[in-house]
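**Student:** The structure file model-v1.pdb (PDB, C-alpha atoms) is provided below.
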ATOM      1  CA  MET T   1     -12.319  13.062 -33.844
ATOM      2  CA  ASP T   2     -14.413  12.789 -30.720
ATOM      3  CA  ILE T   3     -12.822  11.904 -27.425
ATOM      4  CA  SER T   4     -15.331  11.615 -24.628
ATOM      5  CA  ILE T   5     -13.950  11.458 -21.122
ATOM      6  CA  THR T   6     -16.773  12.121 -18.723
ATOM      7  CA  GLY T   7     -17.545  11.609 -15.095
ATOM      8  CA  ALA T   8     -20.511   9.646 -13.821
ATOM      9  CA  LYS T   9     -23.848  10.385 -15.477
ATOM     10  CA  ILE T  10     -26.662  11.721 -13.323
ATOM     11  CA  PHE T  11     -29.784   9.583 -13.723
ATOM     12  CA  PHE T  12     -32.191  11.737 -11.730
ATOM     13  CA  THR T  13     -32.254  14.059  -8.755
ATOM     14  CA  ILE T  14     -34.162  13.524  -5.527
ATOM     15  CA  PRO T  15     -35.759  16.895  -4.754
ATOM     16  CA  ILE T  16     -34.962  17.071  -1.038
ATOM     17  CA  PHE T  17     -32.205  18.993   0.755
ATOM     18  CA  GLY T  18     -31.691  21.071  -2.369
ATOM     19  CA  GLY T  19     -31.503  18.051  -4.671
ATOM     20  CA  ILE T  20     -29.535  14.840  -4.176
ATOM     21  CA  PRO T  21     -28.224  13.616  -7.521
ATOM     22  CA  ILE T  22     -28.478   9.857  -8.132
ATOM     23  CA  THR T  23     -25.426   9.131 -10.267
ATOM     24  CA  GLU T  24     -24.117   6.081 -12.071
ATOM     25  CA  THR T  25     -21.652   5.709  -9.208
ATOM     26  CA  LEU T  26     -24.407   5.287  -6.634
ATOM     27  CA  VAL T  27     -26.398   2.867  -8.765
ATOM     28  CA  ASN T  28     -23.339   0.745  -9.556
ATOM     29  CA  THR T  29     -22.276   0.778  -5.913
ATOM     30  CA  TRP T  30     -25.637  -0.696  -4.959
ATOM     31  CA  LEU T  31     -25.380  -3.228  -7.801
ATOM     32  CA  ILE T  32     -21.986  -4.389  -6.549
ATOM     33  CA  MET T  33     -23.211  -4.518  -2.967
ATOM     34  CA  ALA T  34     -26.121  -6.657  -4.126
ATOM     35  CA  ALA T  35     -23.734  -8.887  -6.084
ATOM     36  CA  ILE T  36     -21.469  -9.414  -3.064
ATOM     37  CA  THR T  37     -24.430 -10.108  -0.786
ATOM     38  CA  GLY T  38     -25.912 -12.530  -3.283
ATOM     39  CA  LEU T  39     -22.582 -14.297  -3.687
ATOM     40  CA  CYS T  40     -22.185 -14.652   0.079
ATOM     41  CA  ILE T  41     -25.722 -16.014   0.491
ATOM     42  CA  TRP T  42     -25.194 -18.446  -2.372
ATOM     43  CA  LEU T  43     -21.809 -19.617  -1.040
ATOM     44  CA  THR T  44     -23.008 -20.188   2.516
ATOM     45  CA  ARG T  45     -26.220 -22.038   1.770
ATOM     46  CA  ASP T  46     -26.578 -25.579   3.225
ATOM     47  CA  LEU T  47     -23.123 -25.896   4.739
ATOM     48  CA  LYS T  48     -21.967 -29.249   6.118
ATOM     49  CA  VAL T  49     -19.527 -29.942   8.956
ATOM     50  CA  HIS T  50     -17.270 -31.754   6.520
ATOM     51  CA  ALA T  51     -17.055 -29.954   3.219
ATOM     52  CA  THR T  52     -18.470 -32.100   0.446
ATOM     53  CA  SER T  53     -19.398 -29.571  -2.242
ATOM     54  CA  LYS T  54     -16.992 -27.471  -4.279
ATOM     55  CA  LYS T  55     -18.984 -24.408  -3.267
ATOM     56  CA  GLN T  56     -18.247 -24.945   0.405
ATOM     57  CA  ILE T  57     -14.557 -25.585  -0.257
ATOM     58  CA  VAL T  58     -14.319 -22.274  -2.104
ATOM     59  CA  ALA T  59     -16.154 -20.480   0.704
ATOM     60  CA  GLU T  60     -13.892 -22.002   3.361
ATOM     61  CA  PHE T  61     -10.818 -21.113   1.334
ATOM     62  CA  LEU T  62     -11.931 -17.476   1.040
ATOM     63  CA  VAL T  63     -12.685 -17.146   4.755
ATOM     64  CA  LYS T  64      -9.395 -18.792   5.721
ATOM     65  CA  ALA T  65      -7.479 -16.561   3.313
ATOM     66  CA  ALA T  66      -9.115 -13.452   4.793
ATOM     67  CA  TYR T  67      -8.293 -14.501   8.347
ATOM     68  CA  GLY T  68      -4.741 -15.400   7.324
ATOM     69  CA  LEU T  69      -4.252 -12.021   5.637
ATOM     70  CA  VAL T  70      -5.464 -10.065   8.663
ATOM     71  CA  GLU T  71      -3.556 -12.129  11.214
ATOM     72  CA  GLY T  72      -0.389 -12.029   9.141
ATOM     73  CA  ASN T  73      -0.436  -8.251   8.792
ATOM     74  CA  MET T  74      -2.125  -6.995  11.939
ATOM     75  CA  GLY T  75      -1.508  -9.716  14.482
ATOM     76  CA  LYS T  76      -3.888 -12.029  16.302
ATOM     77  CA  ARG T  77      -5.481  -9.284  18.414
ATOM     78  CA  PHE T  78      -7.075  -7.741  15.294
ATOM     79  CA  ARG T  79      -8.870 -10.968  14.323
ATOM     80  CA  HIS T  80     -12.225  -9.229  14.722
ATOM     81  CA  PHE T  81     -11.228  -6.845  11.924
ATOM     82  CA  THR T  82     -11.447  -9.592   9.284
ATOM     83  CA  PRO T  83     -15.073  -8.927   8.181
ATOM     84  CA  PHE T  84     -14.281  -5.237   7.645
ATOM     85  CA  ILE T  85     -11.072  -5.945   5.734
ATOM     86  CA  ALA T  86     -12.688  -8.682   3.630
ATOM     87  CA  THR T  87     -15.599  -6.376   2.791
ATOM     88  CA  LEU T  88     -13.203  -3.615   1.819
ATOM     89  CA  ILE T  89     -11.072  -5.771  -0.479
ATOM     90  CA  SER T  90     -14.016  -7.556  -2.101
ATOM     91  CA  PHE T  91     -15.915  -4.331  -2.718
ATOM     92  CA  LEU T  92     -12.894  -2.507  -4.146
ATOM     93  CA  ALA T  93     -11.784  -5.443  -6.301
ATOM     94  CA  LEU T  94     -15.272  -6.088  -7.666
ATOM     95  CA  SER T  95     -15.917  -2.435  -8.411
ATOM     96  CA  ASN T  96     -12.576  -2.132 -10.206
ATOM     97  CA  LEU T  97     -13.357  -5.265 -12.210
ATOM     98  CA  SER T  98     -16.895  -4.073 -12.979
ATOM     99  CA  SER T  99     -15.504  -1.699 -15.587
ATOM    100  CA  MET T 100     -14.791  -4.794 -17.682
ATOM    101  CA  LEU T 101     -18.540  -5.351 -17.970
ATOM    102  CA  GLY T 102     -18.945  -1.855 -19.376
ATOM    103  CA  LEU T 103     -20.250  -0.454 -16.116
ATOM    104  CA  TYR T 104     -18.920   2.813 -14.768
ATOM    105  CA  ALA T 105     -16.598   1.671 -11.972
ATOM    106  CA  PRO T 106     -17.727   3.307  -8.699
ATOM    107  CA  THR T 107     -14.060   3.634  -7.769
ATOM    108  CA  ALA T 108     -13.490   5.901 -10.776
ATOM    109  CA  GLU T 109     -15.130   8.667  -8.755
ATOM    110  CA  LEU T 110     -13.199  10.260  -5.930
ATOM    111  CA  SER T 111     -16.157  10.323  -3.514
ATOM    112  CA  THR T 112     -16.181   6.532  -3.116
ATOM    113  CA  GLU T 113     -12.531   6.307  -2.161
ATOM    114  CA  LEU T 114     -12.701   9.417  -0.027
ATOM    115  CA  ALA T 115     -15.530   7.840   1.969
ATOM    116  CA  PHE T 116     -13.437   4.727   2.609
ATOM    117  CA  ALA T 117     -10.346   6.779   3.409
ATOM    118  CA  ILE T 118     -12.245   8.937   5.925
ATOM    119  CA  LEU T 119     -13.521   5.745   7.550
ATOM    120  CA  VAL T 120      -9.946   4.484   7.811
ATOM    121  CA  PHE T 121      -8.843   7.858   9.205
ATOM    122  CA  ILE T 122     -11.515   7.660  11.917
ATOM    123  CA  LEU T 123     -10.358   4.145  12.804
ATOM    124  CA  ILE T 124      -6.712   5.267  12.954
ATOM    125  CA  THR T 125      -7.610   8.181  15.229
ATOM    126  CA  TYR T 126      -9.758   5.923  17.413
ATOM    127  CA  TYR T 127      -6.938   3.422  17.883
ATOM    128  CA  LYS T 128      -4.427   6.186  18.599
ATOM    129  CA  PHE T 129      -6.778   7.519  21.286
ATOM    130  CA  LYS T 130      -7.248   4.031  22.652
ATOM    131  CA  ALA T 131      -3.516   3.302  22.736
ATOM    132  CA  GLY T 132      -2.301   6.500  24.383
ATOM    133  CA  GLY T 133      -5.379   8.334  25.637
ATOM    134  CA  PRO T 134      -6.249  11.915  24.600
ATOM    135  CA  LEU T 135      -3.030  13.229  26.115
ATOM    136  CA  GLY T 136      -0.902  10.668  24.341
ATOM    137  CA  TYR T 137      -2.670  11.508  21.072
ATOM    138  CA  VAL T 138      -1.838  15.206  21.402
ATOM    139  CA  LYS T 139       1.676  14.373  22.534
ATOM    140  CA  GLY T 140       2.188  12.248  19.431
ATOM    141  CA  PHE T 141       2.059  15.441  17.370
ATOM    142  CA  LEU T 142       4.914  17.017  19.354
ATOM    143  CA  GLU T 143       7.383  14.222  18.680
ATOM    144  CA  PRO T 144      10.303  14.058  18.179
ATOM    145  CA  ILE T 145      10.515  17.847  18.795
ATOM    146  CA  PRO T 146       7.622  20.339  19.221
ATOM    147  CA  ILE T 147       8.730  22.417  16.208
ATOM    148  CA  LEU T 148       7.587  19.612  13.920
ATOM    149  CA  LEU T 149       3.927  20.116  14.947
ATOM    150  CA  PRO T 150       2.715  21.547  11.596
ATOM    151  CA  PHE T 151       4.435  18.799   9.645
ATOM    152  CA  ASN T 152       2.941  16.137  11.876
ATOM    153  CA  ILE T 153      -0.529  17.588  11.333
ATOM    154  CA  ILE T 154       0.027  17.668   7.573
ATOM    155  CA  SER T 155       1.245  14.080   7.525
ATOM    156  CA  GLU T 156      -1.753  13.013   9.606
ATOM    157  CA  ILE T 157      -4.203  14.622   7.173
ATOM    158  CA  SER T 158      -2.322  13.505   4.084
ATOM    159  CA  THR T 159      -2.739   9.841   5.022
ATOM    160  CA  PRO T 160      -6.417   9.518   3.977
ATOM    161  CA  VAL T 161      -6.010  12.046   1.165
ATOM    162  CA  SER T 162      -3.121  10.155  -0.413
ATOM    163  CA  MET T 163      -4.886   6.807   0.022
ATOM    164  CA  ALA T 164      -7.993   8.110  -1.726
ATOM    165  CA  PHE T 165      -6.081   9.892  -4.490
ATOM    166  CA  ARG T 166      -3.851   6.896  -5.130
ATOM    167  CA  HIS T 167      -6.726   4.530  -5.784
ATOM    168  CA  PHE T 168      -8.750   7.130  -7.696
ATOM    169  CA  GLY T 169      -5.772   8.173  -9.808
ATOM    170  CA  ASN T 170      -4.939   4.632 -10.836
ATOM    171  CA  ILE T 171      -8.480   3.786 -11.891
ATOM    172  CA  ALA T 172      -9.196   7.153 -13.520
ATOM    173  CA  SER T 173      -5.901   7.149 -15.428
ATOM    174  CA  GLY T 174      -6.798   3.749 -16.840
ATOM    175  CA  GLY T 175     -10.062   5.164 -18.135
ATOM    176  CA  VAL T 176      -8.413   8.259 -19.619
ATOM    177  CA  ILE T 177      -5.661   6.298 -21.365
ATOM    178  CA  THR T 178      -8.117   3.718 -22.727
ATOM    179  CA  ALA T 179     -10.313   6.513 -24.137
ATOM    180  CA  LEU T 180      -7.287   8.207 -25.744
ATOM    181  CA  VAL T 181      -6.076   4.935 -27.302
ATOM    182  CA  TYR T 182      -9.567   4.227 -28.666
ATOM    183  CA  ALA T 183      -9.661   7.651 -30.307
ATOM    184  CA  ALA T 184      -6.124   7.262 -31.669
ATOM    185  CA  LEU T 185      -6.947   3.836 -33.110
ATOM    186  CA  ALA T 186     -10.060   5.214 -34.807
ATOM    187  CA  ALA T 187      -7.970   8.000 -36.371
ATOM    188  CA  ALA T 188      -5.248   5.558 -37.451
ATOM    189  CA  ASN T 189      -7.925   3.334 -38.963
ATOM    190  CA  ARG T 190      -9.330   6.234 -41.000
ATOM    191  CA  MET T 191      -5.839   7.142 -42.195
ATOM    192  CA  LEU T 192      -4.928   3.570 -43.157
ATOM    193  CA  PHE T 193      -8.067   2.689 -45.105
ATOM    194  CA  GLY T 194      -9.545   6.106 -45.871
ATOM    195  CA  TRP T 195      -7.254   6.782 -48.864
ATOM    196  CA  LEU T 196      -8.730   3.853 -50.800
ATOM    197  CA  PRO T 197     -10.757   5.285 -53.693
ATOM    198  CA  GLY T 198     -14.503   5.691 -53.680
ATOM    199  CA  PHE T 199     -16.977   3.573 -51.774
ATOM    200  CA  LEU T 200     -14.405   0.986 -50.618
ATOM    201  CA  GLY T 201     -12.398   3.618 -48.758
ATOM    202  CA  GLN T 202     -15.494   5.014 -47.071
ATOM    203  CA  LEU T 203     -16.674   1.561 -46.028
ATOM    204  CA  LEU T 204     -13.354   0.260 -44.714
ATOM    205  CA  GLY T 205     -12.531   3.609 -43.137
ATOM    206  CA  SER T 206     -15.750   3.640 -41.150
ATOM    207  CA  ILE T 207     -15.304   0.149 -39.685
ATOM    208  CA  PRO T 208     -12.868   0.375 -36.741
ATOM    209  CA  PHE T 209     -10.784  -2.762 -37.416
ATOM    210  CA  LEU T 210      -7.924  -1.605 -35.235
ATOM    211  CA  GLN T 211     -10.189  -1.124 -32.225
ATOM    212  CA  VAL T 212     -10.530  -4.907 -31.998
ATOM    213  CA  GLY T 213      -7.828  -6.579 -29.972
ATOM    214  CA  ILE T 214      -5.412  -3.837 -29.002
ATOM    215  CA  PRO T 215      -7.617  -2.246 -26.278
ATOM    216  CA  ALA T 216      -8.101  -5.713 -24.771
ATOM    217  CA  VAL T 217      -4.438  -5.753 -23.739
ATOM    218  CA  LEU T 218      -4.904  -2.355 -22.091
ATOM    219  CA  SER T 219      -8.048  -3.614 -20.405
ATOM    220  CA  ILE T 220      -6.194  -6.599 -18.969
ATOM    221  CA  TYR T 221      -3.542  -4.297 -17.561
ATOM    222  CA  PHE T 222      -5.731  -1.458 -16.268
ATOM    223  CA  ASP T 223      -8.815  -3.389 -15.208
ATOM    224  CA  VAL T 224      -7.533  -6.763 -14.058
ATOM    225  CA  PHE T 225      -3.939  -6.177 -12.966
ATOM    226  CA  SER T 226      -4.118  -2.585 -11.759
ATOM    227  CA  GLY T 227      -7.618  -2.985 -10.358
ATOM    228  CA  CYS T 228      -6.808  -6.007  -8.203
ATOM    229  CA  LEU T 229      -3.451  -4.532  -7.206
ATOM    230  CA  GLN T 230      -4.984  -1.248  -6.059
ATOM    231  CA  ALA T 231      -7.690  -3.033  -4.064
ATOM    232  CA  TYR T 232      -4.970  -5.111  -2.391
ATOM    233  CA  ILE T 233      -2.806  -2.062  -1.705
ATOM    234  CA  PHE T 234      -5.663  -0.010  -0.247
ATOM    235  CA  THR T 235      -6.508  -2.879   2.079
ATOM    236  CA  MET T 236      -2.883  -3.506   3.039
ATOM    237  CA  LEU T 237      -2.343   0.170   3.838
ATOM    238  CA  THR T 238      -5.550   0.203   5.898
ATOM    239  CA  MET T 239      -4.327  -2.761   7.927
ATOM    240  CA  MET T 240      -0.852  -1.329   8.399
ATOM    241  CA  TYR T 241      -2.022   2.134   9.442
ATOM    242  CA  ILE T 242      -4.534   0.747  11.934
ATOM    243  CA  ALA T 243      -2.076  -1.793  13.345
ATOM    244  CA  SER T 244       0.652   0.815  13.751
ATOM    245  CA  ALA T 245      -1.798   3.318  15.272
ATOM    246  CA  ALA T 246      -2.671   0.798  17.961
ATOM    247  CA  GLY T 247       0.985   0.558  18.951
ATOM    248  CA  GLU T 248       3.135  -2.446  19.620
ATOM    249  CA  GLU T 249       1.520  -5.723  20.505
ATOM    250  CA  GLU T 250       1.744  -6.457  24.223
ATOM    251  CA  ALA T 251       3.623  -9.613  25.027
ATOM    252  CA  ALA T 252       0.949 -12.127  25.880
TER
ATOM    253  CA  MET P   1     -12.391  35.513 -26.595
ATOM    254  CA  LEU P   2      -8.649  36.026 -26.681
ATOM    255  CA  GLU P   3      -8.444  35.847 -22.904
ATOM    256  CA  LYS P   4     -10.299  32.542 -22.920
ATOM    257  CA  ALA P   5      -8.006  31.166 -25.621
ATOM    258  CA  ILE P   6      -4.949  32.142 -23.594
ATOM    259  CA  VAL P   7      -6.369  30.562 -20.440
ATOM    260  CA  CYS P   8      -7.285  27.358 -22.287
ATOM    261  CA  GLY P   9      -3.898  27.103 -23.982
ATOM    262  CA  CYS P  10      -1.961  27.764 -20.815
ATOM    263  CA  SER P  11      -4.098  25.234 -18.954
ATOM    264  CA  ALA P  12      -3.261  22.595 -21.545
ATOM    265  CA  ILE P  13       0.453  23.436 -21.265
ATOM    266  CA  GLY P  14       0.147  23.304 -17.487
ATOM    267  CA  ALA P  15      -1.518  19.917 -17.652
ATOM    268  CA  GLY P  16       1.331  18.643 -19.771
ATOM    269  CA  LEU P  17       3.884  20.106 -17.385
ATOM    270  CA  ALA P  18       2.075  18.547 -14.416
ATOM    271  CA  MET P  19       2.557  15.117 -15.945
ATOM    272  CA  ILE P  20       6.343  15.589 -15.733
ATOM    273  CA  ALA P  21       5.714  14.411 -12.172
ATOM    274  CA  GLY P  22       5.483  10.936 -13.692
ATOM    275  CA  ILE P  23       9.261  10.798 -14.077
ATOM    276  CA  GLY P  24       9.976  10.561 -10.359
ATOM    277  CA  PRO P  25       7.774   7.564  -9.548
ATOM    278  CA  GLY P  26       9.029   5.867 -12.712
ATOM    279  CA  ILE P  27      12.634   6.080 -11.602
ATOM    280  CA  GLY P  28      11.773   5.231  -8.001
ATOM    281  CA  GLU P  29       9.650   2.228  -8.827
ATOM    282  CA  GLY P  30      12.206   0.938 -11.289
ATOM    283  CA  TYR P  31      14.876   1.144  -8.611
ATOM    284  CA  ALA P  32      12.627  -0.615  -6.084
ATOM    285  CA  VAL P  33      11.756  -3.406  -8.495
ATOM    286  CA  GLY P  34      15.408  -3.841  -9.435
ATOM    287  CA  ARG P  35      16.381  -4.196  -5.802
ATOM    288  CA  ALA P  36      13.508  -6.613  -5.230
ATOM    289  CA  CYS P  37      14.779  -8.740  -8.128
ATOM    290  CA  GLU P  38      18.234  -8.766  -6.556
ATOM    291  CA  ALA P  39      16.751  -9.798  -3.224
ATOM    292  CA  ILE P  40      14.786 -12.630  -4.834
ATOM    293  CA  GLY P  41      17.910 -13.729  -6.673
ATOM    294  CA  ARG P  42      19.774 -13.896  -3.395
ATOM    295  CA  GLN P  43      16.955 -15.520  -1.440
ATOM    296  CA  PRO P  44      14.473 -17.203  -3.763
ATOM    297  CA  GLU P  45      12.547 -18.682  -0.820
ATOM    298  CA  ALA P  46      11.505 -15.158   0.327
ATOM    299  CA  LYS P  47       9.832 -14.400  -3.017
ATOM    300  CA  GLY P  48       6.327 -13.923  -1.629
ATOM    301  CA  ASP P  49       7.321 -11.534   1.133
ATOM    302  CA  VAL P  50       9.635  -9.534  -1.107
ATOM    303  CA  THR P  51       7.011  -9.213  -3.836
ATOM    304  CA  SER P  52       4.225  -8.038  -1.556
ATOM    305  CA  THR P  53       6.486  -5.539   0.208
ATOM    306  CA  MET P  54       7.717  -4.274  -3.149
ATOM    307  CA  LEU P  55       4.192  -3.789  -4.488
ATOM    308  CA  LEU P  56       3.231  -1.849  -1.372
ATOM    309  CA  GLY P  57       6.345   0.309  -1.627
ATOM    310  CA  CYS P  58       5.708   0.932  -5.314
ATOM    311  CA  ALA P  59       2.171   2.049  -4.535
ATOM    312  CA  VAL P  60       3.395   4.494  -1.932
ATOM    313  CA  ALA P  61       6.120   5.798  -4.236
ATOM    314  CA  GLU P  62       3.499   6.318  -6.916
ATOM    315  CA  THR P  63       1.621   8.908  -4.842
ATOM    316  CA  THR P  64       3.493  11.964  -6.114
ATOM    317  CA  GLY P  65       2.900  10.917  -9.707
ATOM    318  CA  ILE P  66      -0.783  10.497  -8.958
ATOM    319  CA  TYR P  67      -0.892  14.011  -7.498
ATOM    320  CA  GLY P  68       0.527  15.333 -10.756
ATOM    321  CA  PHE P  69      -2.067  13.369 -12.702
ATOM    322  CA  ILE P  70      -4.886  14.802 -10.580
ATOM    323  CA  VAL P  71      -3.628  18.344 -11.155
ATOM    324  CA  ALA P  72      -3.589  17.607 -14.886
ATOM    325  CA  LEU P  73      -7.143  16.224 -14.726
ATOM    326  CA  ILE P  74      -8.364  19.292 -12.861
ATOM    327  CA  LEU P  75      -6.725  21.622 -15.370
ATOM    328  CA  LEU P  76      -8.236  19.778 -18.323
ATOM    329  CA  PHE P  77     -11.748  18.902 -17.168
ATOM    330  CA  VAL P  78     -12.782  21.034 -14.193
ATOM    331  CA  ASN P  79     -10.669  24.081 -14.880
ATOM    332  CA  PRO P  80     -11.587  26.779 -12.348
ATOM    333  CA  TRP P  81     -10.378  29.726 -14.454
ATOM    334  CA  VAL P  82     -12.147  29.148 -17.757
ATOM    335  CA  LYS P  83     -15.511  30.053 -16.245
ATOM    336  CA  GLN P  84     -14.286  33.560 -15.408
ATOM    337  CA  PHE P  85     -14.448  34.683 -19.027
TER
END
I'd like the structure from this file rewritten - as structure tokens, please.
**Tutor:**
Amino acid sequence: MDISITGAKIFFTIPIFGGIPITETLVNTWLIMAAITGLCIWLTRDLKVHATSKKQIVAEFLVKAAYGLVEGNMGKRFRHFTPFIATLISFLALSNLSSMLGLYAPTAELSTELAFAILVFILITYYKFKAGGPLGYVKGFLEPIPILLPFNIISEISTPVSMAFRHFGNIASGGVITALVYAALAAANRMLFGWLPGFLGQLLGSIPFLQVGIPAVLSIYFDVFSGCLQAYIFTMLTMMYIASAAGEEEAA
Amino acid sequence: MLEKAIVCGCSAIGAGLAMIAGIGPGIGEGYAVGRACEAIGRQPEAKGDVTSTMLLGCAVAETTGIYGFIVALILLFVNPWVKQF
């Protein structure tokens, strides 16, 4: 029985700085970026003041939904964050769903999520600085009592780490479990039909009947449900951390 | 050879033990979802808010289980000790 659970394949290596490997992850990331850009260009071509085409209605719905999501979770003052949040959720959702097309999902590699999480961490730190100044930022670590300083530092660092690991773990576990179920179904298939005598047993045993259908249910759960849910959760956590880092909204 | 076999076997056992971490999130998420169902039963009009808050809470509760899974993955696929022999 062969179970193959591998990371991203390396296509080739650019021989500068000691070799930069070009992996499946990078290539698929660029493919998804191109897909999103193409979709946006296609959706926003020849817009009218009053929507007449279905295309424009869909585009307006998406933009309104993105603005509604950001304003509902971060407040009106973070309206300018909408392009970032919409990019984040569309990229994560599309890359999770891309595994349905047989591509290697870029989010199945930790580096992708870690990059996003570090970006979010920088934003959180920036807004904490902006809200309280450098002194307030340092003071935030000494609350409620100074003895808790190490724990506060750990919790600060664990925010991006746990965000990255959560998304990576969900997507990677889907891949691992799907691979294991495929292998188990192949073995069960061989056991069910392999005992038939002679040529018939060999023929039926070598055709993986059981691999049709059952993995599709897993794919719907891990790719569609879990993929969209994790993209949504990563984005929601991003919004909540940034909004709470910036402090309470001033009464306007 | 024997050393390598022992390291490999113990790593596999360790990976299995690491996945015991899945119990905690399972219980926690089940409790959260149960409470969310109660809340929706009491206030059906708040279904959207309750569901999105519950999903977010479930995702946060899941973190410890995911840590266990990552330890298991490291032990199985990028084991740092096997290379020593």
**Student:** Using all atoms listed in the file, determine which residues lie at most 6 Å from range 65-82 of chain P, disregarding the query and same-chain residues fewer than 2 positions distant; provide the list as a ChimeraX atom specification.
**Tutor:** /T:169 /P:11,15,18-19,21-22,25,62-63,84
**Student:** What does the file look like for those residues with C-alpha atoms, as an mmCIF file, in the coordinates of the input?
**Tutor:**
data_model
loop_
_atom_site.group_PDB
_atom_site.id
_atom_site.type_symbol
_atom_site.label_atom_id
_atom_site.label_comp_id
_atom_site.auth_asym_id
_atom_site.auth_seq_id
_atom_site.Cartn_x
_atom_site.Cartn_y
_atom_site.Cartn_z
ATOM 1 C CA GLY T 169 -5.772 8.173 -9.808
ATOM 2 C CA SER P 11 -4.098 25.234 -18.954
ATOM 3 C CA ALA P 15 -1.518 19.917 -17.652
ATOM 4 C CA ALA P 18 2.075 18.547 -14.416
ATOM 5 C CA MET P 19 2.557 15.117 -15.945
ATOM 6 C CA ALA P 21 5.714 14.411 -12.172
ATOM 7 C CA GLY P 22 5.483 10.936 -13.692
ATOM 8 C CA PRO P 25 7.774 7.564 -9.548
ATOM 9 C CA GLU P 62 3.499 6.318 -6.916
ATOM 10 C CA THR P 63 1.621 8.908 -4.842
ATOM 11 C CA GLN P 84 -14.286 33.560 -15.408
#
**Student:** Tell me, counting all atoms listed in the file, for each residue of chain T within 7 Å of chain P, which pair of atoms is nearest and how far apart they are in Å to one decimal, in rows ordered by chain and increasing number, as CSV.
**Tutor:**
residue,atom,partner,partner_atom,distance
T:Ser162,CA,P:Thr63,CA,6.6
T:Phe165,CA,P:Ile66,CA,7.0
T:Arg166,CA,P:Thr63,CA,5.8
T:Gly169,CA,P:Ile66,CA,5.6
T:Ile233,CA,P:Leu56,CA,6.0
**Student:** Could you check the closest approach to Glu109 in chain T for each of T:Thr178, T:Phe12, T:Pro197, T:Asn170 and tell me which residue wins, using all atoms listed in the file?
**Tutor:**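 Looking at the shortest contact to Glu109 in chain T, the residue is T:Asn170.
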**Student:** For Ala186 in chain T, which of T:Pro160, T:Pro215, T:Pro146, T:Gly38 is the closest residue, counting all atoms listed in the file?
**Tutor:** T:Pro215
**Student:** Check which residues satisfy the PyMOL selection byres ((chain T and resi 74) around 12) in the file shown, then give them as an MDAnalysis selection string.
**Tutor:** chainID T and resid 66:73 75:82 85 235:249
**Student:** When the PyMOL selection byres ((chain P and resi 50) around 12) is applied to the structure above, which residues does it catch, written out as an NGL selection string?
**Tutor:** :P and (32-49 or 51-58)
**Student:** Excluding Pro21 in chain T and its own-chain neighbours fewer than 6 positions away, which residues fall within 8 Å of it when counting all atoms listed in the file? Please give them as a PyMOL selection string.
**Tutor:** chain T and resi 10-14
**Student:** Which value, in Å to one decimal, gives the distance between CA of Val181 in chain T and CA of Gly14 in chain P?
**Tutor:**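 If I compute the distance from CA of Val181 in chain T to CA of Gly14 in chain P, I get 21.7 Å.
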**Student:** Considering all atoms listed in the file, return as a compact mmCIF listing (two decimals) with C-alpha atoms, keeping the file's coordinate frame whatever protein or nucleic-acid residues lie within 9 Å of range 224-226 of chain T, sequence-local ones (same chain, fewer than 4 positions apart) excluded.
**Tutor:**
# COMPACT_ATOMS: atom_id res chain seq x y z
CA ALA T 93 -11.78 -5.44 -6.30
CA ASN T 96 -12.58 -2.13 -10.21
CA LEU T 97 -13.36 -5.26 -12.21
CA MET T 100 -14.79 -4.79 -17.68
CA ASN T 170 -4.94 4.63 -10.84
CA ILE T 171 -8.48 3.79 -11.89
CA GLY T 174 -6.80 3.75 -16.84
CA SER T 219 -8.05 -3.61 -20.40
CA ILE T 220 -6.19 -6.60 -18.97
CA GLN T 230 -4.98 -1.25 -6.06
CA ALA T 231 -7.69 -3.03 -4.06
**Student:** Closest to Ser90 in chain T among T:Leu148, T:Ala108, T:Ala117, T:Leu62, using all atoms listed in the file?
**Tutor:**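 Using all atoms listed in the file, Ser90 in chain T sits closest to T:Leu62.
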**Student:** Looking at all atoms listed in the file, which of P:Tyr31, P:Ala61, P:Lys83, P:Ile20 is the one that sits closest to Cys8 in chain P?
**Tutor:**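 Among the listed residues, P:Lys83 lies closest to Cys8 in chain P.
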**Student:** Which neighbours of Val161 in chain T fall inside 10 Å, counting all atoms listed in the file, when residues of the same chain fewer than 4 positions from it are skipped, and could you give them as a ChimeraX atom specification?
**Tutor:** /T:113-114,117-118,121,155-157,165-166
